[in-house]
$ cat start30.txt   # compact mmCIF, C-alpha atoms
# COMPACT_ATOMS: atom_id res chain seq x y z
CA MET A 1316 -109.59 48.61 -58.05
CA ALA A 1317 -105.92 49.47 -57.55
CA SER A 1318 -106.71 50.22 -53.90
CA SER A 1319 -108.37 46.83 -53.45
CA SER A 1320 -105.41 45.06 -55.09
CA SER A 1321 -102.98 46.94 -52.83
CA SER A 1322 -105.00 46.04 -49.76
CA SER A 1323 -105.12 42.39 -50.81
CA SER A 1324 -101.34 42.36 -51.46
CA SER A 1325 -100.75 43.96 -48.09
CA SER A 1326 -102.91 41.33 -46.40
CA ILE A 1327 -101.13 38.46 -48.20
CA SER A 1328 -97.74 39.99 -47.41
CA SER A 1329 -98.67 40.39 -43.76
CA SER A 1330 -99.97 36.82 -43.58
CA THR A 1331 -96.85 35.48 -45.35
CA THR A 1332 -94.57 37.45 -43.04
CA SER A 1333 -96.42 36.12 -39.99
CA THR A 1334 -96.26 32.53 -41.28
CA THR A 1335 -92.59 32.91 -42.18
CA SER A 1336 -91.81 34.36 -38.75
CA LYS A 1337 -93.53 31.44 -37.04
CA PHE A 1338 -91.70 28.96 -39.30
CA ILE A 1339 -88.33 30.58 -38.63
CA GLY A 1340 -89.12 30.64 -34.91
CA LEU A 1341 -89.92 26.92 -35.02
CA LEU A 1342 -86.69 26.18 -36.89
CA LEU A 1343 -84.68 28.19 -34.36
CA LEU A 1344 -86.34 26.32 -31.49
CA LEU A 1345 -85.61 22.93 -33.07
CA SER A 1346 -82.06 23.99 -33.90
CA LEU A 1347 -81.46 25.09 -30.31
CA GLN A 1348 -82.62 21.76 -28.91
CA VAL A 1349 -80.47 19.80 -31.41
CA ASP A 1350 -77.46 22.00 -30.61
CA LEU A 1351 -77.86 21.37 -26.92
CA LEU A 1352 -78.21 17.63 -27.37
CA LEU A 1353 -75.16 17.45 -29.61
CA GLY A 1354 -72.99 19.51 -27.33
CA SER A 1355 -73.04 23.05 -28.65
CA SER A 1356 -71.21 25.73 -26.73
CA LEU A 1357 -74.45 27.43 -25.61
CA HIS A 1358 -74.70 27.36 -21.84
CA LEU A 1359 -77.22 24.84 -20.60
CA LYS A 1360 -78.85 26.85 -17.84
CA ASN A 1361 -80.11 29.56 -20.23
CA HIS A 1362 -82.14 27.12 -22.34
CA THR A 1363 -83.54 24.46 -20.03
CA SER A 1364 -87.15 25.43 -20.76
CA PHE A 1365 -86.93 23.77 -24.20
CA ILE A 1366 -85.62 20.37 -23.06
CA PRO A 1367 -87.32 17.51 -21.15
CA SER A 1368 -86.12 17.33 -17.54
CA ARG A 1369 -84.58 13.88 -18.08
CA ASP A 1370 -82.36 15.27 -20.86
CA ILE A 1371 -81.46 18.30 -18.74
CA HIS A 1372 -80.30 15.99 -15.95
CA ARG A 1373 -78.22 13.94 -18.39
CA LEU A 1374 -76.62 17.01 -19.99
CA ARG A 1375 -75.71 18.39 -16.58
CA LYS A 1376 -74.02 15.08 -15.71
CA VAL A 1377 -72.13 15.20 -19.02
CA GLU A 1378 -70.94 18.76 -18.35
CA ALA A 1379 -69.82 17.83 -14.82
CA TYR A 1380 -67.89 14.83 -16.18
CA LEU A 1381 -66.22 16.92 -18.90
CA LYS A 1382 -65.22 19.55 -16.35
CA ARG A 1383 -63.61 16.83 -14.24
CA ILE A 1384 -61.83 14.94 -17.03
CA ASN A 1385 -60.71 17.82 -19.30
CA LYS A 1386 -57.92 19.44 -17.30
CA PRO A 1387 -56.62 22.99 -17.92
CA SER A 1388 -54.00 23.02 -20.68
CA ILE A 1389 -50.95 25.13 -21.46
CA LYS A 1390 -51.12 24.49 -25.21
CA THR A 1391 -53.76 23.28 -27.70
CA ILE A 1392 -52.97 21.32 -30.88
CA HIS A 1393 -55.55 20.66 -33.62
CA SER A 1394 -55.12 17.30 -35.36
CA PRO A 1395 -56.04 16.86 -39.06
CA ASP A 1396 -58.51 14.11 -38.08
CA GLY A 1397 -60.53 16.57 -35.97
CA ASP A 1398 -59.09 15.63 -32.57
CA VAL A 1399 -58.06 18.40 -30.20
CA ILE A 1400 -54.94 17.57 -28.20
CA GLU A 1401 -54.44 19.48 -24.96
CA CYS A 1402 -51.01 19.77 -23.34
CA VAL A 1403 -51.77 19.21 -19.64
CA LEU A 1404 -49.21 19.64 -16.87
CA SER A 1405 -48.14 16.14 -15.80
CA HIS A 1406 -49.00 16.58 -12.11
CA ILE A 1407 -52.65 17.55 -12.80
CA GLN A 1408 -53.49 14.75 -15.27
CA PRO A 1409 -56.62 12.65 -14.42
CA ALA A 1410 -54.58 9.95 -12.64
CA PHE A 1411 -53.78 12.34 -9.81
CA ASP A 1412 -57.46 12.68 -8.93
CA HIS A 1413 -57.07 9.26 -7.30
CA PRO A 1414 -56.91 9.58 -3.48
CA GLN A 1415 -53.71 7.52 -3.31
CA LEU A 1416 -52.00 9.65 -5.98
CA ARG A 1417 -53.27 13.10 -5.07
CA GLY A 1418 -50.40 15.54 -4.55
CA GLN A 1419 -47.79 13.17 -6.00
CA LYS A 1420 -45.74 13.46 -9.19
CA PRO A 1421 -44.90 10.84 -11.85
CA LEU A 1422 -42.23 8.33 -10.85
CA VAL A 1423 -38.64 8.16 -12.01
CA LEU A 1424 -37.75 5.70 -14.80
CA PRO A 1425 -38.08 1.97 -14.04
CA GLU A 1426 -35.60 -0.84 -14.56
CA ARG A 1427 -36.16 -2.16 -18.09
CA PRO A 1428 -36.22 -5.95 -18.66
CA SER A 1429 -33.09 -7.58 -20.03
CA SER A 1430 -33.76 -8.64 -23.62
CA GLY A 1431 -30.57 -10.29 -24.83
CA ASN A 1432 -30.25 -9.95 -28.60
CA GLU A 1433 -32.97 -7.93 -30.35
CA THR A 1434 -34.23 -9.86 -33.38
CA ALA A 1435 -35.77 -6.91 -35.22
CA THR A 1436 -35.94 -3.14 -35.18
CA GLU A 1437 -39.25 -1.34 -34.66
CA GLU A 1438 -40.81 1.11 -37.09
CA SER A 1439 -41.00 4.61 -35.62
CA PHE A 1440 -44.36 5.36 -34.02
CA ASN A 1441 -46.39 8.23 -35.48
CA GLN A 1442 -49.74 9.77 -34.70
CA LEU A 1443 -51.77 12.14 -36.86
CA TRP A 1444 -51.80 14.99 -34.32
CA SER A 1445 -47.99 15.28 -34.26
CA GLN A 1446 -47.26 14.99 -38.00
CA SER A 1447 -47.11 18.77 -38.39
CA GLY A 1448 -44.15 18.82 -35.98
CA GLU A 1449 -46.21 20.11 -33.05
CA SER A 1450 -45.49 18.70 -29.60
CA CYS A 1451 -46.23 19.30 -25.95
CA PRO A 1452 -43.67 21.12 -23.77
CA THR A 1453 -41.52 19.23 -21.28
CA GLY A 1454 -43.41 18.80 -18.03
CA SER A 1455 -46.76 18.28 -19.79
CA ILE A 1456 -48.52 15.37 -21.49
CA PRO A 1457 -50.72 15.32 -24.64
CA VAL A 1458 -54.34 14.44 -23.79
CA ARG A 1459 -57.11 13.96 -26.35
CA ARG A 1460 -59.93 16.34 -25.39
CA THR A 1461 -63.20 14.57 -24.62
CA THR A 1462 -66.24 16.32 -26.11
CA LYS A 1463 -69.98 16.32 -25.37
CA SER A 1464 -70.64 14.37 -28.56
CA ASP A 1465 -68.13 11.70 -27.41
CA VAL A 1466 -70.01 11.16 -24.15
CA LEU A 1467 -73.50 11.43 -25.70
CA ARG A 1468 -72.75 8.50 -28.05
CA VAL A 1469 -73.11 6.13 -25.08
CA ASN A 1470 -76.33 5.64 -23.14
CA SER A 1471 -74.95 6.80 -19.78
CA VAL A 1472 -72.08 8.87 -18.40
CA ARG A 1473 -71.17 5.97 -16.09
CA ARG A 1474 -70.58 3.74 -19.13
CA PHE A 1475 -68.43 6.18 -21.07
CA GLY A 1476 -64.85 4.96 -21.48
CA ARG A 1477 -65.66 1.52 -20.10
CA ARG A 1478 -66.28 -1.81 -21.75
CA LEU A 1479 -69.65 -3.48 -21.45
CA ARG A 1480 -69.94 -5.98 -18.64
CA LYS A 1481 -69.38 -9.42 -20.04
CA PRO A 1482 -69.07 -12.94 -18.70
CA ILE A 1483 -65.52 -14.23 -19.15
CA ARG A 1484 -64.49 -17.82 -19.55
CA ARG A 1485 -60.95 -19.13 -19.25
CA ASP A 1486 -60.93 -19.73 -23.03
CA SER A 1487 -61.55 -15.97 -23.53
CA SER A 1488 -65.00 -16.05 -25.18
CA GLY A 1489 -68.32 -14.74 -23.98
CA GLY A 1490 -70.77 -11.86 -24.00
CA GLY A 1491 -70.80 -11.28 -27.77
CA HIS A 1492 -67.02 -10.74 -27.79
CA GLU A 1493 -65.10 -12.96 -30.24
CA HIS A 1494 -61.37 -13.61 -30.19
CA ALA A 1495 -58.51 -15.06 -32.20
CA VAL A 1496 -55.65 -15.28 -29.70
CA VAL A 1497 -52.48 -16.96 -28.52
CA PHE A 1498 -52.05 -17.35 -24.76
CA VAL A 1499 -49.83 -18.85 -22.07
CA ASN A 1500 -50.79 -19.74 -18.51
CA GLY A 1501 -49.72 -21.97 -15.67
CA GLU A 1502 -46.74 -19.86 -14.54
CA GLN A 1503 -46.07 -16.46 -12.96
CA TYR A 1504 -45.66 -13.70 -15.54
CA TYR A 1505 -44.21 -10.25 -14.90
CA GLY A 1506 -44.74 -8.74 -18.33
CA ALA A 1507 -45.12 -9.30 -22.07
CA LYS A 1508 -43.82 -7.88 -25.33
CA ALA A 1509 -44.82 -8.07 -29.01
CA SER A 1510 -44.87 -6.10 -32.25
CA ILE A 1511 -48.43 -5.62 -33.53
CA ASN A 1512 -49.28 -5.03 -37.20
CA VAL A 1513 -51.53 -1.94 -37.58
CA TRP A 1514 -54.57 -1.93 -39.89
CA ALA A 1515 -57.88 -0.07 -40.14
CA PRO A 1516 -60.51 -2.85 -40.08
CA ARG A 1517 -64.07 -1.99 -41.05
CA VAL A 1518 -66.49 -1.77 -38.11
CA THR A 1519 -70.05 -2.12 -39.39
CA ASP A 1520 -72.02 -1.20 -36.28
CA ALA A 1521 -71.62 2.01 -34.28
CA TYR A 1522 -71.62 0.03 -31.02
CA GLU A 1523 -69.03 -2.56 -31.99
CA PHE A 1524 -65.24 -2.39 -32.01
CA SER A 1525 -62.26 -4.23 -33.42
CA LEU A 1526 -58.98 -4.34 -31.52
CA SER A 1527 -55.57 -5.98 -31.41
CA GLN A 1528 -53.78 -6.04 -28.09
CA ILE A 1529 -51.77 -7.64 -25.30
CA TRP A 1530 -53.60 -8.75 -22.14
CA LEU A 1531 -51.99 -9.40 -18.74
CA ILE A 1532 -54.54 -11.30 -16.67
CA SER A 1533 -54.91 -12.52 -13.09
CA GLY A 1534 -57.79 -13.57 -10.86
CA SER A 1535 -60.53 -16.15 -10.81
CA PHE A 1536 -62.19 -15.20 -14.13
CA GLY A 1537 -65.20 -14.09 -12.09
CA HIS A 1538 -66.00 -10.76 -10.51
CA ASP A 1539 -62.44 -10.22 -9.26
CA LEU A 1540 -60.69 -10.55 -12.63
CA ASN A 1541 -57.73 -8.14 -13.02
CA THR A 1542 -56.46 -7.15 -16.47
CA ILE A 1543 -53.97 -4.71 -17.98
CA GLU A 1544 -54.38 -4.18 -21.73
CA ALA A 1545 -52.73 -2.14 -24.49
CA GLY A 1546 -52.79 -2.12 -28.29
CA TRP A 1547 -54.76 -0.47 -31.08
CA GLN A 1548 -58.50 -0.35 -31.69
CA VAL A 1549 -61.16 0.97 -34.04
CA SER A 1550 -64.18 2.09 -31.98
CA PRO A 1551 -66.76 4.45 -33.55
CA GLU A 1552 -68.65 4.64 -30.26
CA LEU A 1553 -65.65 5.78 -28.21
CA TYR A 1554 -63.94 8.04 -30.77
CA GLY A 1555 -66.59 8.90 -33.36
CA ASP A 1556 -64.62 7.62 -36.38
CA ASN A 1557 -62.93 4.56 -37.91
CA TYR A 1558 -59.25 5.37 -37.34
CA PRO A 1559 -57.05 2.80 -35.57
CA ARG A 1560 -56.04 4.36 -32.24
CA PHE A 1561 -53.44 3.55 -29.62
CA PHE A 1562 -55.22 2.63 -26.39
CA THR A 1563 -54.84 1.29 -22.87
CA TYR A 1564 -57.33 -0.38 -20.51
CA TRP A 1565 -57.45 -1.80 -16.99
CA THR A 1566 -59.99 -3.39 -14.65
CA THR A 1567 -59.93 -5.08 -11.24
CA ASP A 1568 -63.49 -6.46 -11.22
CA ALA A 1569 -64.09 -8.08 -14.62
CA TYR A 1570 -65.10 -4.85 -16.41
CA GLN A 1571 -67.86 -3.99 -13.95
CA ALA A 1572 -67.15 -0.74 -12.05
CA THR A 1573 -63.39 -0.20 -12.01
CA GLY A 1574 -61.00 0.85 -14.74
CA CYS A 1575 -61.39 2.57 -18.09
CA TYR A 1576 -59.87 3.25 -21.47
CA ASN A 1577 -56.90 5.56 -21.78
CA LEU A 1578 -56.98 8.53 -19.36
CA LEU A 1579 -60.77 8.63 -18.98
CA CYS A 1580 -60.60 7.93 -15.24
CA SER A 1581 -57.96 8.16 -12.53
CA GLY A 1582 -55.59 5.23 -12.88
CA PHE A 1583 -52.91 5.11 -15.59
CA VAL A 1584 -50.15 7.70 -15.02
CA GLN A 1585 -48.68 9.08 -18.26
CA THR A 1586 -45.04 10.22 -18.24
CA ASN A 1587 -44.45 10.87 -21.96
CA ASN A 1588 -44.97 14.21 -23.75
CA LYS A 1589 -44.89 12.79 -27.30
CA ILE A 1590 -47.63 10.13 -27.27
CA ALA A 1591 -51.36 10.87 -26.97
CA ILE A 1592 -53.22 7.81 -25.69
CA GLY A 1593 -56.44 7.46 -27.69
CA ALA A 1594 -55.08 9.36 -30.70
CA ALA A 1595 -55.01 7.97 -34.25
CA ILE A 1596 -52.00 5.97 -35.50
CA SER A 1597 -50.51 6.80 -38.88
CA PRO A 1598 -49.50 5.27 -41.24
CA ARG A 1599 -51.48 2.03 -41.40
CA SER A 1600 -50.80 -1.15 -43.35
CA SER A 1601 -52.36 -1.77 -46.75
CA TYR A 1602 -53.33 -4.98 -48.55
CA ASN A 1603 -50.45 -6.09 -50.82
CA GLY A 1604 -48.65 -2.91 -49.76
CA ARG A 1605 -46.37 -1.53 -47.03
CA GLN A 1606 -46.70 -3.01 -43.56
CA PHE A 1607 -46.41 -1.10 -40.29
CA ASP A 1608 -46.31 -2.39 -36.75
CA ILE A 1609 -45.93 -0.98 -33.24
CA GLY A 1610 -43.79 -2.56 -30.56
CA LEU A 1611 -45.44 -2.80 -27.14
CA MET A 1612 -44.05 -4.00 -23.83
CA ILE A 1613 -45.76 -4.11 -20.43
CA TRP A 1614 -43.76 -5.15 -17.38
CA LYS A 1615 -43.64 -4.96 -13.60
CA ASP A 1616 -40.88 -2.73 -12.26
CA PRO A 1617 -38.93 -4.85 -9.74
CA LYS A 1618 -38.17 -1.83 -7.54
CA HIS A 1619 -41.58 -0.16 -7.06
CA GLY A 1620 -43.90 -2.89 -8.34
CA HIS A 1621 -45.83 -0.69 -10.79
CA TRP A 1622 -46.76 -1.97 -14.27
CA TRP A 1623 -45.02 0.09 -16.99
CA LEU A 1624 -45.88 0.51 -20.68
CA GLU A 1625 -43.24 1.01 -23.38
CA LEU A 1626 -43.83 1.81 -27.06
CA GLY A 1627 -41.21 0.83 -29.66
CA ASN A 1628 -37.70 0.52 -28.29
CA GLY A 1629 -37.38 2.66 -25.17
CA LEU A 1630 -40.30 5.10 -25.47
CA LEU A 1631 -41.88 4.94 -22.00
CA VAL A 1632 -45.55 5.92 -22.02
CA GLY A 1633 -46.34 5.61 -18.31
CA TYR A 1634 -47.50 3.14 -15.67
CA TRP A 1635 -50.44 1.56 -13.85
CA PRO A 1636 -49.83 2.02 -10.08
CA VAL A 1637 -49.71 -1.36 -8.37
CA PHE A 1638 -52.24 -0.33 -5.69
CA LEU A 1639 -54.99 -0.26 -8.37
CA PHE A 1640 -54.99 -4.06 -8.44
CA SER A 1641 -55.65 -7.05 -6.21
CA HIS A 1642 -54.37 -10.15 -8.02
CA LEU A 1643 -52.02 -8.19 -10.29
CA ARG A 1644 -50.25 -6.72 -7.24
CA SER A 1645 -47.86 -9.66 -7.43
CA HIS A 1646 -47.89 -11.08 -10.99
CA ALA A 1647 -50.07 -12.17 -13.93
CA SER A 1648 -51.24 -15.76 -14.22
CA MET A 1649 -52.03 -15.54 -17.94
CA VAL A 1650 -50.74 -13.55 -20.92
CA GLN A 1651 -52.79 -13.24 -24.08
CA PHE A 1652 -52.01 -11.75 -27.52
CA GLY A 1653 -54.43 -11.26 -30.41
CA GLY A 1654 -57.63 -9.77 -31.77
CA GLU A 1655 -61.10 -9.15 -30.38
CA VAL A 1656 -64.33 -7.88 -31.93
CA VAL A 1657 -67.84 -7.26 -30.64
CA ASN A 1658 -70.52 -9.23 -32.48
CA SER A 1659 -73.80 -7.51 -31.58
CA ARG A 1660 -75.85 -9.34 -34.26
CA SER A 1661 -77.85 -6.11 -34.63
CA SER A 1662 -79.11 -7.20 -38.07
CA GLY A 1663 -79.98 -10.71 -36.85
CA ALA A 1664 -76.88 -12.20 -38.50
CA HIS A 1665 -73.20 -12.33 -37.56
CA THR A 1666 -71.52 -8.93 -37.75
CA GLY A 1667 -69.48 -7.89 -40.77
CA THR A 1668 -66.99 -6.13 -38.48
CA GLN A 1669 -63.49 -7.17 -39.50
CA MET A 1670 -60.65 -8.35 -37.30
CA GLY A 1671 -57.05 -7.46 -38.15
CA SER A 1672 -56.83 -6.75 -41.89
CA GLY A 1673 -60.22 -8.34 -42.55
CA HIS A 1674 -58.50 -11.34 -44.18
CA PHE A 1675 -57.93 -14.86 -42.88
CA ALA A 1676 -54.60 -15.99 -41.45
CA ASP A 1677 -53.65 -18.34 -44.31
CA GLU A 1678 -53.25 -15.37 -46.70
CA GLY A 1679 -50.00 -14.52 -44.91
CA PHE A 1680 -47.74 -11.48 -45.09
CA GLU A 1681 -49.03 -8.21 -46.65
CA LYS A 1682 -52.57 -9.62 -46.56
CA ALA A 1683 -53.32 -10.96 -43.08
CA ALA A 1684 -52.53 -9.08 -39.85
CA TYR A 1685 -49.76 -10.41 -37.60
CA PHE A 1686 -48.12 -10.28 -34.18
CA ARG A 1687 -44.36 -11.00 -34.11
CA ASN A 1688 -41.55 -11.44 -31.59
CA LEU A 1689 -43.82 -12.58 -28.76
CA GLN A 1690 -42.07 -12.71 -25.36
CA VAL A 1691 -42.88 -12.76 -21.65
CA VAL A 1692 -41.02 -11.30 -18.66
CA ASP A 1693 -39.97 -13.68 -15.87
CA TRP A 1694 -39.52 -13.10 -12.09
CA ASP A 1695 -35.93 -11.91 -12.64
CA ASN A 1696 -36.93 -9.22 -15.17
CA ASN A 1697 -35.73 -11.16 -18.22
CA LEU A 1698 -37.54 -11.31 -21.57
CA LEU A 1699 -38.04 -14.94 -22.61
CA PRO A 1700 -39.70 -16.79 -25.52
CA LEU A 1701 -43.14 -18.29 -24.90
CA LYS A 1702 -43.45 -21.89 -23.69
CA ASN A 1703 -46.52 -24.16 -23.79
CA LEU A 1704 -48.38 -21.89 -26.16
CA HIS A 1705 -52.15 -22.24 -26.69
CA VAL A 1706 -53.90 -21.06 -29.87
CA LEU A 1707 -57.61 -20.24 -29.83
CA ALA A 1708 -60.17 -18.91 -32.32
CA ASP A 1709 -63.69 -18.71 -30.84
CA HIS A 1710 -65.33 -18.90 -34.29
CA PRO A 1711 -62.70 -19.89 -36.90
CA ALA A 1712 -65.17 -19.59 -39.79
CA CYS A 1713 -65.42 -15.87 -38.94
CA TYR A 1714 -61.92 -15.08 -37.61
CA ASP A 1715 -59.02 -17.52 -37.45
CA ILE A 1716 -55.37 -17.73 -36.37
CA ARG A 1717 -52.17 -19.51 -37.45
CA GLN A 1718 -49.04 -19.58 -35.32
CA GLY A 1719 -45.40 -20.06 -36.39
CA LYS A 1720 -41.76 -19.52 -35.42
CA ASN A 1721 -38.57 -18.47 -37.23
CA ASN A 1722 -35.20 -16.84 -36.57
CA VAL A 1723 -36.28 -13.30 -37.52
CA TRP A 1724 -39.80 -13.00 -36.09
CA GLY A 1725 -39.34 -15.44 -33.21
CA THR A 1726 -42.78 -16.65 -32.14
CA TYR A 1727 -45.41 -15.03 -34.37
CA PHE A 1728 -48.93 -15.54 -35.68
CA TYR A 1729 -51.27 -14.35 -38.40
CA TYR A 1730 -54.91 -13.80 -37.41
CA GLY A 1731 -58.20 -12.13 -38.33
CA GLY A 1732 -61.02 -12.39 -40.82
CA PRO A 1733 -64.00 -10.66 -42.42
CA GLY A 1734 -66.69 -11.66 -39.97
CA ARG A 1735 -69.92 -12.48 -41.80
CA ASN A 1736 -69.38 -14.66 -44.89
CA PRO A 1737 -71.08 -17.76 -46.38
CA LYS A 1738 -69.43 -19.99 -43.74
CA CYS A 1739 -70.12 -17.47 -40.94
CA PRO A 1740 -73.80 -16.52 -41.36
$ encode --input "start30.txt" --output "C-alpha cells"
Amino acid sequence: MASSSSSSSSSISSSTTSTTSKFIGLLLLLSLQVDLLLGSSLHLKNHTSFIPSRDIHRLRKVEAYLKRINKPSIKTIHSPDGDVIECVLSHIQPAFDHPQLRGQKPLVLPERPSSGNETATEESFNQLWSQSGESCPTGSIPVRRTTKSDVLRVNSVRRFGRRLRKPIRRDSSGGGHEHAVVFVNGEQYYGAKASINVWAPRVTDAYEFSLSQIWLISGSFGHDLNTIEAGWQVSPELYGDNYPRFFTYWTTDAYQATGCYNLLCSGFVQTNNKIAIGAAISPRSSYNGRQFDIGLMIWKDPKHGHWWLELGNGLLVGYWPVFLFSHLRSHASMVQFGGEVVNSRSSGAHTGTQMGSGHFADEGFEKAAYFRNLQVVDWDNNLLPLKNLHVLADHPACYDIRQGKNNVWGTYFYYGGPGRNPKCP
C-alpha cells in the first residue's frame, strides 16, 4: 500500500514537474518575444526564430537607425526623469552626417540683433538632467539618447521624429491640428523673439501633442512650405512621458520628407554644452502659483545667413544652416506665435488634450498661459515691435486667445483652453 502511494506520488510529481517545465518554457518564450519588441539589450540575430519576419525586418531597421543617430559619447548623465544624456563631441553630432556639413565644425558666434532697451529680465533656464550639477565637457554637446522603445512607439522608422503630413492653410488650421496664435505677414522678417510661459498641459491620447512655440514661415503654403520652429511641447509619442520639453523643428516641404524634431536627423547644428534639446524643462508654472517662462529668439545672421537660436539672454543653442532651405534662404514671409494641439478625435469626440495651462485666456495671469515681449527682426538686424498683428483661434470654444500691450510686457497675449467641454463637444 505504501509502495503504491509512493509510486502514485512519484507519477504525480513527475507529471507536475513536466507541466511546470513546459509552463516555464512558455513564459520564457513569451518574455523573450516581448523583450525583443520593447527593445531589450538581447541581440536580435540570436533570437529571430521566435519573431515573425515582418517584425524582424522592422527591428533591424530600428537598430540601424539607433546606430546612426546615437553617436559615441565621452560622458553619460542619468536624468531623474529617466532620460539618458550623452555628451557627444560637437564635430560628430548628427548634423555633420549631412553631405554639405561633413568634415566641418560648428561656426563662430553670430552677430546678435540690436534690441534697444530690454523691458524684462528672463528667468534662468533649467532642465531636469542638469539639476544635480552635472554638465558636458567643453567641446561636446548634451544629446538625449534615443531608445528602441522611443522608435517603436511610432508605426514606422521613417516617421520617427517627424510630424504627420498635414494640409496647411494660410490661417494655420488643418489636418486635425488646432491653433490659438498671433501672427504677422506681408513684410520680410529676419527673426522673432518672445518669452513663453511654461506649463505641463494634459495630453489625453498617446498620439497627440500640445506645444507652444515660435514659427518662422516662408513658401506657398503647399508642398514647398519652409518653417523653422522652437518652443516647448508635451508629446507622449515622441518622449514617452508628459513632461514639457524644449524642442526645435524644421521642414522645407510642408512636413513631408524633410526636417525633424531636435537632433533626430542631420540639420540643426548645436553649439551649446549646457542645453539638451528634447530634455524636460524644470520648473513649470502652477495654477495660482509661481510662473516661469523661457526667452527664445531666432534670427538670421547677417554675415553667414544661417538661422540662429538663442535661449534666455545670450545663451546660444545653435543654428539651422541656410542651405537646408529654399524660401527661407533669404527671409521669412510670416511669423507666428502661440499654441498648437493635435485633435485626433480617437473617442469620436473632441480631444480633452489641453493647450497652454488648460485654462481659457480670460482667466489671465497665474491661470492662463501667456507669451510676452513679442518682437520681430528687420533687414538691418534690429528687434522691433509687431505691426499689423492678426489674432486667430481655430476653435475658440476649445482654445482661445486674447492679445494686449503694456509698458512692461510689450505686446503679449494669453491663450489656451481645456479642449473638450460642454461648448466644445
$ closest_atom_pairs --input "start30.txt" --of "range 1461-1578 of chain A" --to "range 1609-1618 of chain A" --cutoff "10 Å" --atoms "all atoms listed in the file" --output "tab-separated table"
residue	atom	partner	partner_atom	distance
A:Tyr1504	CA	A:Trp1614	CA	8.9
A:Tyr1505	CA	A:Lys1615	CA	5.5
A:Gly1506	CA	A:Trp1614	CA	3.8
A:Ala1507	CA	A:Ile1613	CA	5.5
A:Lys1508	CA	A:Met1612	CA	4.2
A:Ala1509	CA	A:Leu1611	CA	5.6
A:Ser1510	CA	A:Gly1610	CA	4.1
A:Ile1511	CA	A:Ile1609	CA	5.3
A:Asn1512	CA	A:Ile1609	CA	6.6
A:Val1513	CA	A:Ile1609	CA	7.1
A:Gln1528	CA	A:Leu1611	CA	9.0
A:Ile1529	CA	A:Leu1611	CA	8.2
A:Trp1530	CA	A:Ile1613	CA	9.3
A:Leu1531	CA	A:Ile1613	CA	8.3
A:Ile1543	CA	A:Ile1613	CA	8.6
A:Glu1544	CA	A:Ile1613	CA	8.7
A:Ala1545	CA	A:Leu1611	CA	7.8
A:Gly1546	CA	A:Leu1611	CA	7.5
A:Trp1547	CA	A:Ile1609	CA	9.1
A:Phe1561	CA	A:Ile1609	CA	9.5
$ atom_distance --input "start30.txt" --atom1 "CA of Ala1379 in chain A" --atom2 "CA of Pro1409 in chain A"
14.2 Å
$ atom_distance --input "start30.txt" --atom1 "CA of Gln1651 in chain A" --atom2 "CA of Val1496 in chain A"
6.6 Å
$ atom_distance --input "start30.txt" --atom1 "CA of Gln1419 in chain A" --atom2 "CA of Ala1572 in chain A"
24.6 Å
$ closest_residue --input "start30.txt" --among "A:Gly1633, A:Ser1430, A:Arg1717, A:Gly1537" --to "Asn1688 in chain A" --atoms "only C-alpha atoms"
A:Ser1430
$ residues_near_point --input "start30.txt" --point "(-61.7, -15.4, -45.9)" --cutoff "8 Å" --atoms "only C-alpha atoms" --output "PyMOL selection string"
chain A and resi 1673-1675+1713+1732-1733+1736
$ closest_residue --input "start30.txt" --among "A:Ser1601, A:Asn1703, A:Asn1697, A:Ser1535" --to "Glu1502 in chain A" --atoms "all atoms listed in the file"
A:Asn1703
$ residues_around --input "start30.txt" --residues "Gln1669 in chain A" --least-positions-apart "3" --cutoff "10 Å" --atoms "all atoms listed in the file" --output "VMD selection string"
chain A and resid 1515 to 1519 1524 to 1526 1655 to 1657 1666 1672 to 1674 1713 to 1714 1731 to 1735
$ closest_residue --input "start30.txt" --among "A:Cys1580, A:Ala1495, A:Leu1381, A:Ala1591" --to "Thr1462 in chain A" --atoms "all atoms listed in the file"
A:Leu1381
$ closest_residue --input "start30.txt" --among "A:Cys1575, A:Ile1389, A:Val1377, A:Val1706" --to "Ser1450 in chain A" --atoms "only C-alpha atoms"
A:Ile1389
$ closest_residue --input "start30.txt" --among "A:Trp1514, A:Tyr1554, A:Tyr1730, A:Phe1498" --to "Val1691 in chain A" --atoms "all atoms listed in the file"
A:Phe1498
$ residues_near_point --input "start30.txt" --point "(-33.3, 8.4, -19.7)" --cutoff "10 Å" --atoms "only C-alpha atoms" --output "PDB file with C-alpha atoms, in the frame of the given file"
ATOM      1  CA  VAL A1423     -38.640   8.160 -12.010  1.00  0.00           C
ATOM      2  CA  LEU A1424     -37.750   5.700 -14.800  1.00  0.00           C
ATOM      3  CA  PRO A1425     -38.080   1.970 -14.040  1.00  0.00           C
ATOM      4  CA  GLY A1629     -37.380   2.660 -25.170  1.00  0.00           C
ATOM      5  CA  LEU A1630     -40.300   5.100 -25.470  1.00  0.00           C
ATOM      6  CA  LEU A1631     -41.880   4.940 -22.000  1.00  0.00           C
TER       7      LEU A1631
END
$ residues_around --input "start30.txt" --residues "Gly1719 in chain A" --least-positions-apart "4" --cutoff "8 Å" --atoms "all atoms listed in the file" --output "list in words"
Thr1726, Tyr1727 and Phe1728 of chain A
$ closest_residue --input "start30.txt" --among "A:His1494, A:Tyr1522, A:Leu1639, A:Phe1680" --to "Arg1605 in chain A" --atoms "all atoms listed in the file"
A:Phe1680
$ residues_around --input "start30.txt" --residues "Asp1412 in chain A" --least-positions-apart "6" --cutoff "12 Å" --atoms "all atoms listed in the file" --output "VMD selection string"
chain A and resid 1383 to 1384 1386 1406 1418 to 1420 1578 to 1584
$ axis_aligned_box --input "start30.txt" --around "range 1383-1390 of chain A" --padding-each-side "6 Å" --output "JSON"
{"center_x": -57.3, "center_y": 20.0, "center_z": -19.7, "size_x": 24.7, "size_y": 22.2, "size_z": 23.0}
$ decode --input "start30.txt" --residues "range 1655-1665 of chain A" --atoms "C-alpha atoms" --output "compact mmCIF listing (two decimals), in the first residue's frame"
# COMPACT_ATOMS: atom_id res chain seq x y z
CA GLU A 1655 -0.99 74.03 -31.19
CA VAL A 1656 -2.59 70.69 -30.30
CA VAL A 1657 -3.48 67.57 -32.24
CA ASN A 1658 -7.16 66.67 -32.10
CA SER A 1659 -7.34 63.03 -33.23
CA ARG A 1660 -10.98 62.54 -32.11
CA SER A 1661 -9.99 58.97 -31.20
CA SER A 1662 -13.03 58.63 -28.91
CA GLY A 1663 -15.39 60.14 -31.51
CA ALA A 1664 -15.50 63.48 -29.67
CA HIS A 1665 -13.15 66.45 -29.48
